[in-house]
Amino acid sequence: MAETPKVKTKTLPWDAAEHLETEDDMAAYLEAALEEGDASLVAATLGDIARAKGMTAIARETGLGRESLYKALSPEGNPEFATVLKVVRSLGLRLHAKAG
(Lines give C-alpha, C1' and ligand atoms only; values in the text may rest on other atoms or scores of the structure.)
Protein backbone atom coordinates (compact mmCIF):
# COMPACT_ATOMS: atom_id res chain seq x y z
CA MET A 1 0.00 0.00 0.00
CA ALA A 2 1.38 3.42 -0.96
CA GLU A 3 2.12 5.84 1.83
CA THR A 4 0.21 9.12 1.77
CA PRO A 5 2.60 12.06 1.41
CA LYS A 6 2.72 14.31 4.45
CA VAL A 7 1.66 17.86 3.77
CA LYS A 8 3.33 20.55 5.81
CA THR A 9 1.12 23.35 7.02
CA LYS A 10 2.72 26.73 6.73
CA THR A 11 1.86 29.09 9.56
CA LEU A 12 2.57 32.77 9.89
CA PRO A 13 3.07 34.76 13.08
CA TRP A 14 -0.10 36.49 14.23
CA ASP A 15 0.15 39.94 15.76
CA ALA A 16 -2.96 41.32 17.46
CA ALA A 17 -1.67 44.87 16.99
CA GLU A 18 -2.16 44.53 13.23
CA HIS A 19 -5.88 43.89 13.76
CA LEU A 20 -6.70 46.68 16.21
CA GLU A 21 -7.94 49.36 13.85
CA THR A 22 -10.50 51.35 15.84
CA GLU A 23 -10.82 52.58 19.40
CA ASP A 24 -13.82 50.24 19.76
CA ASP A 25 -11.61 47.30 18.73
CA MET A 26 -9.03 48.33 21.32
CA ALA A 27 -11.59 48.83 24.08
CA ALA A 28 -13.22 45.44 23.39
CA TYR A 29 -9.82 43.72 23.37
CA LEU A 30 -8.85 45.29 26.71
CA GLU A 31 -12.27 44.50 28.20
CA ALA A 32 -11.88 40.83 27.25
CA ALA A 33 -8.43 40.72 28.87
CA LEU A 34 -9.71 42.38 32.05
CA GLU A 35 -12.53 39.82 32.28
CA GLU A 36 -9.94 37.03 32.33
CA GLY A 37 -8.41 38.48 35.49
CA ASP A 38 -4.83 37.63 34.46
CA ALA A 39 -2.42 40.52 35.11
CA SER A 40 0.15 39.35 32.55
CA LEU A 41 -2.58 39.07 29.90
CA VAL A 42 -3.75 42.62 30.65
CA ALA A 43 -0.17 43.92 30.41
CA ALA A 44 0.38 42.13 27.10
CA THR A 45 -2.96 43.39 25.78
CA LEU A 46 -1.99 46.96 26.64
CA GLY A 47 1.29 46.33 24.83
CA ASP A 48 -0.57 45.16 21.72
CA ILE A 49 -2.81 48.22 21.81
CA ALA A 50 0.15 50.54 22.39
CA ARG A 51 1.98 49.02 19.41
CA ALA A 52 -1.14 49.46 17.27
CA LYS A 53 -1.29 53.16 18.20
CA GLY A 54 2.49 53.63 18.04
CA MET A 55 4.75 52.84 20.98
CA THR A 56 6.92 55.91 20.40
CA ALA A 57 3.90 58.22 20.70
CA ILE A 58 2.69 56.39 23.82
CA ALA A 59 6.14 56.68 25.39
CA ARG A 60 6.19 60.40 24.67
CA GLU A 61 2.66 60.95 26.05
CA THR A 62 3.33 58.97 29.24
CA GLY A 63 6.85 60.29 29.83
CA LEU A 64 8.12 56.70 30.02
CA GLY A 65 10.92 55.17 27.98
CA ARG A 66 9.90 53.26 24.86
CA GLU A 67 12.09 50.26 25.66
CA SER A 68 10.85 50.10 29.26
CA LEU A 69 7.27 50.19 27.95
CA TYR A 70 7.97 47.30 25.59
CA LYS A 71 9.36 45.34 28.52
CA ALA A 72 6.61 46.26 31.01
CA LEU A 73 3.82 45.62 28.51
CA SER A 74 4.96 42.17 27.47
CA PRO A 75 3.53 38.84 28.70
CA GLU A 76 6.53 38.60 31.05
CA GLY A 77 6.22 42.22 32.18
CA ASN A 78 4.96 43.35 35.54
CA PRO A 79 4.16 47.05 35.20
CA GLU A 80 3.39 49.23 38.17
CA PHE A 81 -0.26 50.20 38.40
CA ALA A 82 0.71 53.84 37.84
CA THR A 83 2.25 52.79 34.51
CA VAL A 84 -0.92 50.94 33.56
CA LEU A 85 -3.01 54.02 34.33
CA LYS A 86 -0.70 56.30 32.31
CA VAL A 87 -0.80 53.95 29.33
CA VAL A 88 -4.57 53.50 29.48
CA ARG A 89 -5.05 57.27 29.62
CA SER A 90 -2.63 57.87 26.73
CA LEU A 91 -4.49 55.28 24.64
CA GLY A 92 -7.71 57.22 25.07
CA LEU A 93 -9.27 54.39 27.08
CA ARG A 94 -10.79 54.30 30.55
CA LEU A 95 -11.06 51.58 33.14
CA HIS A 96 -14.46 51.06 34.73
CA ALA A 97 -15.68 49.19 37.77
CA LYS A 98 -19.15 47.74 38.14
CA ALA A 99 -20.84 45.48 40.62
CA GLY A 100 -20.75 41.90 39.46
# chains A, B, ... in the order shown; residues from 1 in each chain; ligands from 1
call {"tool": "residues_around", "arguments": {"residues": "Arg94 of chain A", "least_positions_apart": "4", "cutoff": "9 Å", "atoms": "only C-alpha atoms", "output": "list in words"}}
result
Ala27, Leu85, Val88 and Arg89 of chain A
call {"tool": "residues_around", "arguments": {"residues": "segment 42-50 of chain A", "least_positions_apart": "2", "cutoff": "8 Å", "atoms": "only C-alpha atoms", "output": "ChimeraX atom specification"}}
result
/A:15-17,20,26,29-30,33-34,37-40,52-55,58,69-70,72-75,77-79,84,87-88,91
call {"tool": "select_by_dssp", "arguments": {"residues": "chain A", "states": "alpha helix (DSSP H)", "output": "ChimeraX atom specification"}}
result
/A:23-36,39-53,55-62,66-72,81-90
call {"tool": "closest_residue", "arguments": {"among": "A:Val7, A:Phe81, A:Glu36, A:Ser90", "to": "Thr62 of chain A", "atoms": "only C-alpha atoms"}}
result
A:Ser90
call {"tool": "atom_distance", "arguments": {"atom1": "atom CA of Lys71 of chain A", "atom2": "atom CA of Arg51 of chain A"}}
result
12.3 Å
call {"tool": "atom_distance", "arguments": {"atom1": "atom CA of Arg60 of chain A", "atom2": "atom CA of Thr22 of chain A"}}
result
20.9 Å
call {"tool": "atom_distance", "arguments": {"atom1": "atom CA of Glu21 of chain A", "atom2": "atom CA of Ala57 of chain A"}}
result
16.3 Å
